[in-house]
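coords38.cif (mmCIF, C-alpha atoms)
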data_protein
loop_
_atom_site.group_PDB
_atom_site.id
_atom_site.type_symbol
_atom_site.label_atom_id
_atom_site.label_comp_id
_atom_site.auth_asym_id
_atom_site.auth_seq_id
_atom_site.Cartn_x
_atom_site.Cartn_y
_atom_site.Cartn_z
ATOM 1 C CA MET A 27 11.367 -43.356 5.054
ATOM 2 C CA ASN A 28 13.593 -42.046 2.255
ATOM 3 C CA MET A 29 15.674 -39.986 4.655
ATOM 4 C CA ALA A 30 17.243 -43.098 6.156
ATOM 5 C CA GLY A 31 19.715 -43.715 3.369
ATOM 6 C CA ASN A 32 22.410 -45.904 4.828
ATOM 7 C CA ARG A 33 22.379 -44.234 8.195
ATOM 8 C CA PRO A 34 22.321 -46.582 11.157
ATOM 9 C CA ILE A 35 18.824 -47.629 12.101
ATOM 10 C CA SER A 36 17.644 -48.740 15.479
ATOM 11 C CA PRO A 37 18.038 -52.432 16.225
ATOM 12 C CA HIS A 38 14.941 -54.484 15.677
ATOM 13 C CA LEU A 39 13.306 -57.488 17.328
ATOM 14 C CA GLN A 40 15.855 -60.108 16.367
ATOM 15 C CA VAL A 41 18.785 -58.556 18.243
ATOM 16 C CA TYR A 42 17.088 -58.660 21.641
ATOM 17 C CA LYS A 43 17.133 -61.565 24.017
ATOM 18 C CA TRP A 44 13.534 -62.626 24.469
ATOM 19 C CA GLY A 45 12.008 -62.378 27.893
ATOM 20 C CA PRO A 46 8.533 -62.863 29.379
ATOM 21 C CA HIS A 47 7.837 -59.124 29.252
ATOM 22 C CA MET A 48 8.395 -59.075 25.475
ATOM 23 C CA LEU A 49 6.286 -62.180 25.015
ATOM 24 C CA VAL A 50 3.375 -60.825 27.017
ATOM 25 C CA SER A 51 3.577 -57.523 25.155
ATOM 26 C CA ILE A 52 3.368 -58.988 21.682
ATOM 27 C CA LEU A 53 0.774 -61.539 22.812
ATOM 28 C CA HIS A 54 -1.383 -58.681 24.064
ATOM 29 C CA ARG A 55 -1.426 -57.209 20.582
ATOM 30 C CA ALA A 56 -1.798 -60.563 18.815
ATOM 31 C CA SER A 57 -4.605 -61.773 21.074
ATOM 32 C CA GLY A 58 -6.348 -58.408 20.891
ATOM 33 C CA ASP A 59 -6.264 -58.375 17.121
ATOM 34 C CA GLY A 60 -7.413 -61.990 16.981
ATOM 35 C CA LEU A 61 -10.345 -61.186 19.228
ATOM 36 C CA ALA A 62 -11.140 -58.050 17.259
ATOM 37 C CA ILE A 63 -11.182 -59.729 13.876
ATOM 38 C CA VAL A 64 -12.151 -63.382 14.440
ATOM 39 C CA GLY A 65 -13.942 -62.890 17.739
ATOM 40 C CA SER A 66 -16.123 -60.032 16.567
ATOM 41 C CA LEU A 67 -17.192 -61.936 13.446
ATOM 42 C CA MET A 68 -18.091 -65.029 15.475
ATOM 43 C CA PHE A 69 -19.945 -62.929 18.019
ATOM 44 C CA LEU A 70 -21.951 -61.072 15.362
ATOM 45 C CA TRP A 71 -22.694 -64.313 13.550
ATOM 46 C CA TRP A 72 -23.997 -65.797 16.799
ATOM 47 C CA LEU A 73 -26.206 -62.778 17.550
ATOM 48 C CA GLY A 74 -27.489 -62.613 13.981
ATOM 49 C CA ALA A 75 -28.280 -66.328 14.058
ATOM 50 C CA ILE A 76 -30.318 -65.929 17.248
ATOM 51 C CA ALA A 77 -32.208 -62.982 15.778
ATOM 52 C CA GLY A 78 -32.805 -64.870 12.552
ATOM 53 C CA GLY A 79 -34.848 -67.602 14.187
ATOM 54 C CA GLU A 80 -34.502 -71.249 15.128
ATOM 55 C CA ALA A 81 -33.493 -72.463 11.655
ATOM 56 C CA SER A 82 -30.720 -69.908 11.318
ATOM 57 C CA TYR A 83 -29.461 -70.697 14.813
ATOM 58 C CA GLN A 84 -29.427 -74.393 14.011
ATOM 59 C CA ALA A 85 -27.506 -73.646 10.810
ATOM 60 C CA PHE A 86 -24.956 -71.749 12.902
ATOM 61 C CA LEU A 87 -24.652 -74.672 15.335
ATOM 62 C CA ASN A 88 -24.378 -77.171 12.489
ATOM 63 C CA ILE A 89 -21.359 -75.355 11.100
ATOM 64 C CA ILE A 90 -19.594 -74.269 14.268
ATOM 65 C CA TRP A 91 -20.430 -76.898 16.841
ATOM 66 C CA GLN A 92 -22.336 -80.012 15.851
ATOM 67 C CA ALA A 93 -25.227 -80.984 13.610
ATOM 68 C CA ALA A 94 -28.475 -81.690 15.384
ATOM 69 C CA PRO A 95 -29.186 -85.360 15.970
ATOM 70 C CA ALA A 96 -31.085 -86.783 13.023
ATOM 71 C CA ALA A 97 -34.747 -85.960 13.366
ATOM 72 C CA PRO A 98 -36.893 -88.989 14.117
ATOM 73 C CA VAL A 99 -38.155 -89.395 10.594
ATOM 74 C CA ALA A 100 -38.348 -93.151 10.785
ATOM 75 C CA ALA A 101 -37.833 -94.764 7.459
ATOM 76 C CA PRO A 102 -40.630 -97.202 6.706
ATOM 77 C CA GLY A 103 -40.046 -100.338 8.702
ATOM 78 C CA ALA A 104 -36.704 -99.187 10.039
ATOM 79 C CA VAL A 105 -35.751 -100.102 13.576
ATOM 80 C CA PRO A 106 -34.888 -96.961 15.563
ATOM 81 C CA ASP A 107 -31.160 -96.864 15.899
ATOM 82 C CA ALA A 108 -30.050 -95.169 19.092
ATOM 83 C CA VAL A 109 -26.427 -94.950 17.982
ATOM 84 C CA ALA A 110 -27.252 -93.158 14.755
ATOM 85 C CA ALA A 111 -28.814 -90.322 16.733
ATOM 86 C CA GLN A 112 -25.333 -89.229 17.759
ATOM 87 C CA THR A 113 -24.049 -87.282 14.774
ATOM 88 C CA SER A 114 -20.344 -87.241 14.116
ATOM 89 C CA LEU A 115 -18.361 -84.038 13.874
ATOM 90 C CA SER A 116 -17.825 -82.503 10.468
ATOM 91 C CA VAL A 117 -14.681 -80.728 9.313
ATOM 92 C CA THR A 118 -16.191 -77.326 10.039
ATOM 93 C CA ASN A 119 -17.152 -78.531 13.528
ATOM 94 C CA TRP A 120 -13.500 -79.271 14.216
ATOM 95 C CA ILE A 121 -12.419 -75.958 12.757
ATOM 96 C CA GLY A 122 -15.119 -74.256 14.822
ATOM 97 C CA ARG A 123 -13.871 -75.916 17.991
ATOM 98 C CA ILE A 124 -10.267 -74.999 17.252
ATOM 99 C CA ILE A 125 -11.337 -71.388 16.692
ATOM 100 C CA LEU A 126 -13.365 -71.395 19.915
ATOM 101 C CA VAL A 127 -10.448 -72.799 21.920
ATOM 102 C CA GLY A 128 -8.175 -70.195 20.301
ATOM 103 C CA LEU A 129 -10.618 -67.408 21.114
ATOM 104 C CA THR A 130 -10.896 -68.639 24.698
ATOM 105 C CA TRP A 131 -7.136 -68.451 25.070
ATOM 106 C CA ALA A 132 -6.971 -65.044 23.346
ATOM 107 C CA PHE A 133 -9.733 -63.822 25.649
ATOM 108 C CA PHE A 134 -7.903 -64.834 28.834
ATOM 109 C CA GLN A 135 -4.515 -63.732 27.536
ATOM 110 C CA HIS A 136 -5.828 -60.289 26.591
ATOM 111 C CA PHE A 137 -7.936 -60.042 29.753
ATOM 112 C CA PHE A 138 -5.118 -60.892 32.178
ATOM 113 C CA SER A 139 -2.570 -58.917 30.191
ATOM 114 C CA GLY A 140 -4.966 -55.974 30.206
ATOM 115 C CA LEU A 141 -5.271 -56.183 33.995
ATOM 116 C CA ARG A 142 -1.469 -56.145 34.118
ATOM 117 C CA HIS A 143 -1.525 -52.974 32.023
ATOM 118 C CA PHE A 144 -3.903 -51.339 34.489
ATOM 119 C CA VAL A 145 -1.348 -52.005 37.221
ATOM 120 C CA LEU A 146 1.499 -50.716 35.022
ATOM 121 C CA ASP A 147 -0.562 -47.583 34.319
ATOM 122 C CA THR A 148 -0.331 -46.705 37.998
ATOM 123 C CA GLY A 149 3.447 -46.736 37.692
ATOM 124 C CA ALA A 150 3.828 -49.999 39.599
ATOM 125 C CA GLY A 151 5.404 -53.254 38.533
ATOM 126 C CA TYR A 152 8.332 -52.006 36.471
ATOM 127 C CA ALA A 153 11.122 -53.421 38.630
ATOM 128 C CA LEU A 154 12.824 -56.100 36.537
ATOM 129 C CA LYS A 155 12.019 -59.102 38.697
ATOM 130 C CA THR A 156 8.463 -57.977 39.426
ATOM 131 C CA ASN A 157 7.849 -57.291 35.755
ATOM 132 C CA LYS A 158 9.173 -60.692 34.748
ATOM 133 C CA LEU A 159 7.153 -62.455 37.433
ATOM 134 C CA TRP A 160 3.825 -60.885 36.476
ATOM 135 C CA SER A 161 4.498 -61.380 32.795
ATOM 136 C CA MET A 162 4.953 -65.090 33.390
ATOM 137 C CA ILE A 163 1.895 -65.238 35.648
ATOM 138 C CA VAL A 164 -0.221 -63.676 32.876
ATOM 139 C CA VAL A 165 0.908 -66.178 30.237
ATOM 140 C CA ILE A 166 0.622 -69.216 32.490
ATOM 141 C CA SER A 167 -2.733 -68.297 34.024
ATOM 142 C CA ALA A 168 -4.216 -67.641 30.580
ATOM 143 C CA LEU A 169 -3.211 -71.139 29.492
ATOM 144 C CA MET A 170 -4.537 -72.643 32.713
ATOM 145 C CA ALA A 171 -7.838 -70.780 32.522
ATOM 146 C CA THR A 172 -8.292 -71.902 28.908
ATOM 147 C CA ALA A 173 -7.606 -75.500 29.902
ATOM 148 C CA ALA A 174 -9.984 -75.236 32.858
ATOM 149 C CA VAL A 175 -12.819 -73.857 30.726
ATOM 150 C CA TRP A 176 -12.501 -76.557 28.100
ATOM 151 C CA LEU A 177 -12.156 -79.322 30.647
ATOM 152 C CA PHE A 178 -15.375 -77.988 32.146
ATOM 153 C CA ILE A 179 -17.104 -78.016 28.738
ATOM 154 C CA LEU A 180 -15.712 -81.435 27.902
ATOM 155 C CA GLY A 181 -16.653 -82.831 31.289
ATOM 156 C CA ARG A 182 -20.186 -81.550 30.949
ATOM 157 C CA ALA A 183 -20.508 -82.968 27.456
ATOM 158 C CA ILE A 184 -19.394 -86.390 28.654
ATOM 159 C CA GLY A 185 -21.019 -86.264 32.065
ATOM 160 C CA GLY A 186 -24.596 -85.201 31.528
ATOM 161 C CA ALA A 187 -26.651 -86.082 28.491
ATOM 162 C CA GLY A 188 -28.870 -83.039 28.832
ATOM 163 C CA ALA A 189 -26.297 -80.741 30.378
ATOM 164 C CA MET B 50 12.502 -7.138 2.673
ATOM 165 C CA SER B 51 13.311 -10.723 3.290
ATOM 166 C CA GLY B 52 13.195 -13.282 0.571
ATOM 167 C CA GLY B 53 10.134 -15.354 -0.010
ATOM 168 C CA GLN B 54 9.393 -17.849 2.695
ATOM 169 C CA ILE B 55 10.629 -21.327 1.924
ATOM 170 C CA LYS B 56 7.580 -23.340 1.108
ATOM 171 C CA GLY B 57 6.695 -25.579 4.015
ATOM 172 C CA GLY B 58 9.756 -24.532 5.975
ATOM 173 C CA THR B 59 11.959 -26.912 7.850
ATOM 174 C CA SER B 60 10.578 -29.775 9.911
ATOM 175 C CA LEU B 61 11.191 -27.797 13.075
ATOM 176 C CA GLY B 62 9.804 -24.607 11.618
ATOM 177 C CA ARG B 63 6.572 -26.273 10.642
ATOM 178 C CA VAL B 64 5.761 -27.422 14.148
ATOM 179 C CA ARG B 65 7.312 -24.644 16.256
ATOM 180 C CA GLY B 66 4.729 -22.584 18.040
ATOM 181 C CA LEU B 67 1.814 -24.714 17.005
ATOM 182 C CA GLY B 68 1.617 -26.518 20.289
ATOM 183 C CA SER B 69 -0.067 -29.854 20.676
ATOM 184 C CA ALA B 70 -3.492 -30.620 19.311
ATOM 185 C CA LYS B 71 -4.663 -31.054 22.921
ATOM 186 C CA HIS B 72 -6.069 -34.457 22.086
ATOM 187 C CA GLY B 73 -3.005 -36.460 22.975
ATOM 188 C CA SER B 74 -4.473 -38.320 25.918
ATOM 189 C CA GLN B 75 -7.921 -38.918 24.455
ATOM 190 C CA HIS B 76 -7.069 -42.139 22.642
ATOM 191 C CA TRP B 77 -5.149 -43.530 25.602
ATOM 192 C CA LEU B 78 -7.846 -42.683 28.115
ATOM 193 C CA THR B 79 -10.730 -43.978 25.997
ATOM 194 C CA GLN B 80 -8.885 -47.237 25.509
ATOM 195 C CA ARG B 81 -8.625 -47.628 29.299
ATOM 196 C CA ILE B 82 -12.236 -46.695 29.958
ATOM 197 C CA THR B 83 -13.557 -49.111 27.362
ATOM 198 C CA ALA B 84 -11.131 -51.727 28.716
ATOM 199 C CA LEU B 85 -12.699 -51.360 32.147
ATOM 200 C CA GLY B 86 -16.143 -51.666 30.589
ATOM 201 C CA ASN B 87 -15.004 -54.807 28.812
ATOM 202 C CA VAL B 88 -13.675 -56.315 32.041
ATOM 203 C CA ILE B 89 -17.065 -55.929 33.716
ATOM 204 C CA LEU B 90 -19.277 -56.833 30.759
ATOM 205 C CA PHE B 91 -17.234 -59.748 29.442
ATOM 206 C CA SER B 92 -16.858 -61.301 32.893
ATOM 207 C CA TRP B 93 -20.640 -61.384 33.006
ATOM 208 C CA LEU B 94 -21.090 -62.638 29.431
ATOM 209 C CA PHE B 95 -18.380 -65.277 29.646
ATOM 210 C CA VAL B 96 -19.742 -66.838 32.837
ATOM 211 C CA SER B 97 -23.303 -66.657 31.519
ATOM 212 C CA LEU B 98 -22.417 -68.401 28.263
ATOM 213 C CA LEU B 99 -20.360 -71.024 30.052
ATOM 214 C CA LEU B 100 -23.124 -71.911 32.507
ATOM 215 C CA GLY B 101 -25.895 -71.899 29.932
ATOM 216 C CA ASP B 102 -26.589 -74.426 27.209
ATOM 217 C CA LEU B 103 -25.907 -72.702 23.925
ATOM 218 C CA THR B 104 -27.344 -75.564 21.877
ATOM 219 C CA GLN B 105 -30.893 -74.888 23.131
ATOM 220 C CA TYR B 106 -32.309 -72.212 20.858
ATOM 221 C CA SER B 107 -35.366 -71.201 22.868
ATOM 222 C CA ALA B 108 -33.329 -70.884 26.062
ATOM 223 C CA VAL B 109 -30.644 -68.793 24.364
ATOM 224 C CA ARG B 110 -33.190 -66.541 22.694
ATOM 225 C CA GLY B 111 -35.207 -66.168 25.869
ATOM 226 C CA TRP B 112 -32.071 -65.198 27.752
ATOM 227 C CA VAL B 113 -31.000 -62.544 25.224
ATOM 228 C CA ALA B 114 -34.556 -61.182 25.167
ATOM 229 C CA GLU B 115 -34.498 -60.362 28.887
ATOM 230 C CA PRO B 116 -34.171 -56.592 29.365
ATOM 231 C CA MET B 117 -31.366 -56.973 31.882
ATOM 232 C CA VAL B 118 -29.488 -59.088 29.376
ATOM 233 C CA ALA B 119 -30.227 -57.186 26.183
ATOM 234 C CA LEU B 120 -29.225 -53.852 27.716
ATOM 235 C CA PRO B 121 -25.808 -54.960 28.991
ATOM 236 C CA LEU B 122 -25.268 -56.780 25.697
ATOM 237 C CA ILE B 123 -25.756 -53.514 23.816
ATOM 238 C CA LEU B 124 -23.371 -51.760 26.214
ATOM 239 C CA LEU B 125 -20.895 -54.581 25.660
ATOM 240 C CA ILE B 126 -21.098 -54.154 21.894
ATOM 241 C CA LEU B 127 -20.456 -50.416 22.199
ATOM 242 C CA SER B 128 -17.573 -50.897 24.619
ATOM 243 C CA VAL B 129 -15.835 -53.713 22.782
ATOM 244 C CA PHE B 130 -16.177 -52.287 19.281
ATOM 245 C CA TRP B 131 -14.880 -48.930 20.455
ATOM 246 C CA HIS B 132 -11.995 -50.626 22.239
ATOM 247 C CA PHE B 133 -11.079 -52.754 19.266
ATOM 248 C CA LYS B 134 -11.295 -49.787 16.916
ATOM 249 C CA LEU B 135 -8.682 -48.002 19.029
ATOM 250 C CA GLY B 136 -6.496 -51.103 19.212
ATOM 251 C CA LEU B 137 -6.583 -51.953 15.519
ATOM 252 C CA GLN B 138 -6.002 -48.306 14.676
ATOM 253 C CA VAL B 139 -2.672 -48.443 16.511
ATOM 254 C CA LEU B 140 -1.808 -51.709 14.784
ATOM 255 C CA ILE B 141 -2.425 -50.140 11.373
ATOM 256 C CA GLU B 142 -0.516 -46.979 12.270
ATOM 257 C CA ASP B 143 2.422 -49.068 13.456
ATOM 258 C CA TYR B 144 2.691 -51.494 10.575
ATOM 259 C CA VAL B 145 1.147 -49.941 7.475
ATOM 260 C CA HIS B 146 3.611 -47.280 6.365
ATOM 261 C CA ALA B 147 2.458 -46.370 2.864
ATOM 262 C CA ASP B 148 0.100 -43.399 3.114
ATOM 263 C CA ALA B 149 -2.524 -44.676 0.689
ATOM 264 C CA ALA B 150 -2.664 -48.153 2.183
ATOM 265 C CA ARG B 151 -2.817 -46.766 5.706
ATOM 266 C CA ILE B 152 -5.658 -44.402 4.930
ATOM 267 C CA VAL B 153 -7.620 -47.120 3.147
ATOM 268 C CA ALA B 154 -7.050 -49.493 6.074
ATOM 269 C CA LEU B 155 -8.157 -46.899 8.627
ATOM 270 C CA VAL B 156 -11.284 -46.047 6.646
ATOM 271 C CA ALA B 157 -12.092 -49.745 6.262
ATOM 272 C CA LEU B 158 -11.586 -50.209 10.003
ATOM 273 C CA ASN B 159 -13.960 -47.372 10.824
ATOM 274 C CA PHE B 160 -16.579 -48.688 8.420
ATOM 275 C CA TYR B 161 -16.294 -52.204 9.822
ATOM 276 C CA VAL B 162 -16.513 -51.063 13.428
ATOM 277 C CA PHE B 163 -19.616 -48.967 12.882
ATOM 278 C CA ALA B 164 -21.287 -51.538 10.636
ATOM 279 C CA GLY B 165 -20.430 -54.384 13.020
ATOM 280 C CA ALA B 166 -21.654 -52.562 16.104
ATOM 281 C CA ALA B 167 -24.859 -51.513 14.315
ATOM 282 C CA TYR B 168 -25.453 -55.088 13.180
ATOM 283 C CA GLY B 169 -24.949 -56.417 16.700
ATOM 284 C CA ILE B 170 -27.125 -53.810 18.386
ATOM 285 C CA PHE B 171 -29.833 -54.291 15.781
ATOM 286 C CA ALA B 172 -29.748 -58.062 16.309
ATOM 287 C CA VAL B 173 -30.096 -57.689 20.082
ATOM 288 C CA ALA B 174 -32.870 -55.114 19.691
ATOM 289 C CA ARG B 175 -34.710 -57.388 17.275
ATOM 290 C CA ILE B 176 -34.504 -60.292 19.736
ATOM 291 C CA ALA B 177 -35.509 -58.195 22.724
ATOM 292 C CA LEU B 178 -38.341 -56.326 21.055
ATOM 293 C CA THR B 179 -39.936 -59.282 19.303
ATOM 294 C CA GLY B 180 -40.086 -61.361 22.472
ATOM 295 C CA THR B 181 -39.044 -64.902 23.036
ATOM 296 C CA THR B 182 -40.743 -66.465 20.043
ATOM 297 C CA ALA B 183 -38.884 -66.535 16.778
ATOM 298 C CA ALA B 184 -40.425 -64.633 13.924
#

Could you render the structure as structure tokens?
Amino acid sequence: MNMAGNRPISPHLQVYKWGPHMLVSILHRASGDGLAIVGSLMFLWWLGAIAGGEASYQAFLNIIWQAAPAAPVAAPGAVPDAVAAQTSLSVTNWIGRIILVGLTWAFFQHFFSGLRHFVLDTGAGYALKTNKLWSMIVVISALMATAAVWLFILGRAIGGAGA
Amino acid sequence: MSGGQIKGGTSLGRVRGLGSAKHGSQHWLTQRITALGNVILFSWLFVSLLLGDLTQYSAVRGWVAEPMVALPLILLILSVFWHFKLGLQVLIEDYVHADAARIVALVALNFYVFAGAAYGIFAVARIALTGTTAA
């Protein structure tokens, strides 16, 4: 580093005009690192919670997804309240959902971008227009797949009580 | 009698004749092979998780305990932790320039990857080998 002095250095990110190929490249790294750090911790937490038994799994769900409906420990003389059985979402539930949506997007982005890299590895897809087209397809299809997955989850949550 | 050799020599002199370490393609190739493993294993896991009900403990545990689930899960852990070790290694090499910080980061990465993979494999083994009932 000290040999640079005031010699000219190569231009950096800010001097280039952004294009889809640059976006998909940096997103590949960002989504990969997000999956590696956040995704691996969530995955290990999930596995460890399953191995730990029902109580530990419920504790995991309580934090990440939603607290279990209040157990039917009827207070003396209380009328069962059907509405109260539906627990509201806590702050960590919302954070958990945001992280899960983010991980879903990172998963698809990295997955599709990785498939693109397999094609590039064969030496194909470097022509400017082709490269731009597939870069855009990767970004757009990752967003669409993420939306589709969460619409599916949302629809199931609303649609079927026991789904 | 020539003078004493300049210690270390020039940049060119230090590398001339040494050749490559012959490991240049190993990192690249392993990243691709584990990527292919991830494509197969994560397609399976993602669809399975999406179609199942993750809020039902006994169902989730019973599923993980199946041999043909536990085994691919262990393969998935190996493949993905290896892949992410290679990826994060490049990230650190690209962005962490100070020698000490880079070495510490790379050591921490290696420790985390091995510890994380061991934790995951142990968890799956514990579920699979103790059956479907929680301890």

Provide as a ChimeraX atom specification the residues of chain B at most 6 Å from chain A, counting all atoms listed in the file.
/B:133,169,172,176,183

Can you translate the PyMOL selection byres ((chain A and resi 163-172) around 9) into the concrete residues it hits in this file, as a ChimeraX atom specification?
/A:46,49-50,53,127-128,130-139,142,158-162,173-177

Between CA of Ser128 in chain B and CA of Tyr168 in chain B, distance in Å (one decimal)
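Rounded to one decimal, the two atoms are 14.5 Å apart.
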
Just to confirm, what's the straight-line distance from CA of Ser116 in chain A to CA of Ala93 in chain A in Å (one decimal)?
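Rounded to one decimal, the two atoms are 8.2 Å apart.
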
Pairwise distance for CA of Pro95 in chain A and CA of Trp112 in chain B, rounded to one decimal in Å:
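A separation of 23.5 Å between them.
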
I need the output of the PyMOL selection byres ((chain B and resi 122) around 10) for this file as a PyMOL selection string; which residues are they?
chain B and resi 90-91+93-94+113+116-121+123-128+169-170+173-174

Starting from the displayed file, determine the output of the PyMOL selection byres ((chain B and resi 78-85) around 8) and express the residue list as a list in words.
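So the PyMOL selection byres ((chain B and resi 78-85) around 8) ends up selecting Gly140 and Phe144 of chain A; Ser74, Gln75, His76, Trp77, Gly86, Asn87, Val88, Ile89, Ser128, Val129, Trp131, His132, Leu135 and Gly136 of chain B.
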
How big is the axis-aligned box around all listed atoms of range 171-184 of chain A once 3 Å goes on each side, and where's its centre, in Å to one decimal, as AutoDock Vina command-line options?
--center_x -14.1 --center_y -78.6 --center_z 30.2 --size_x 18.9 --size_y 21.6 --size_z 11.4
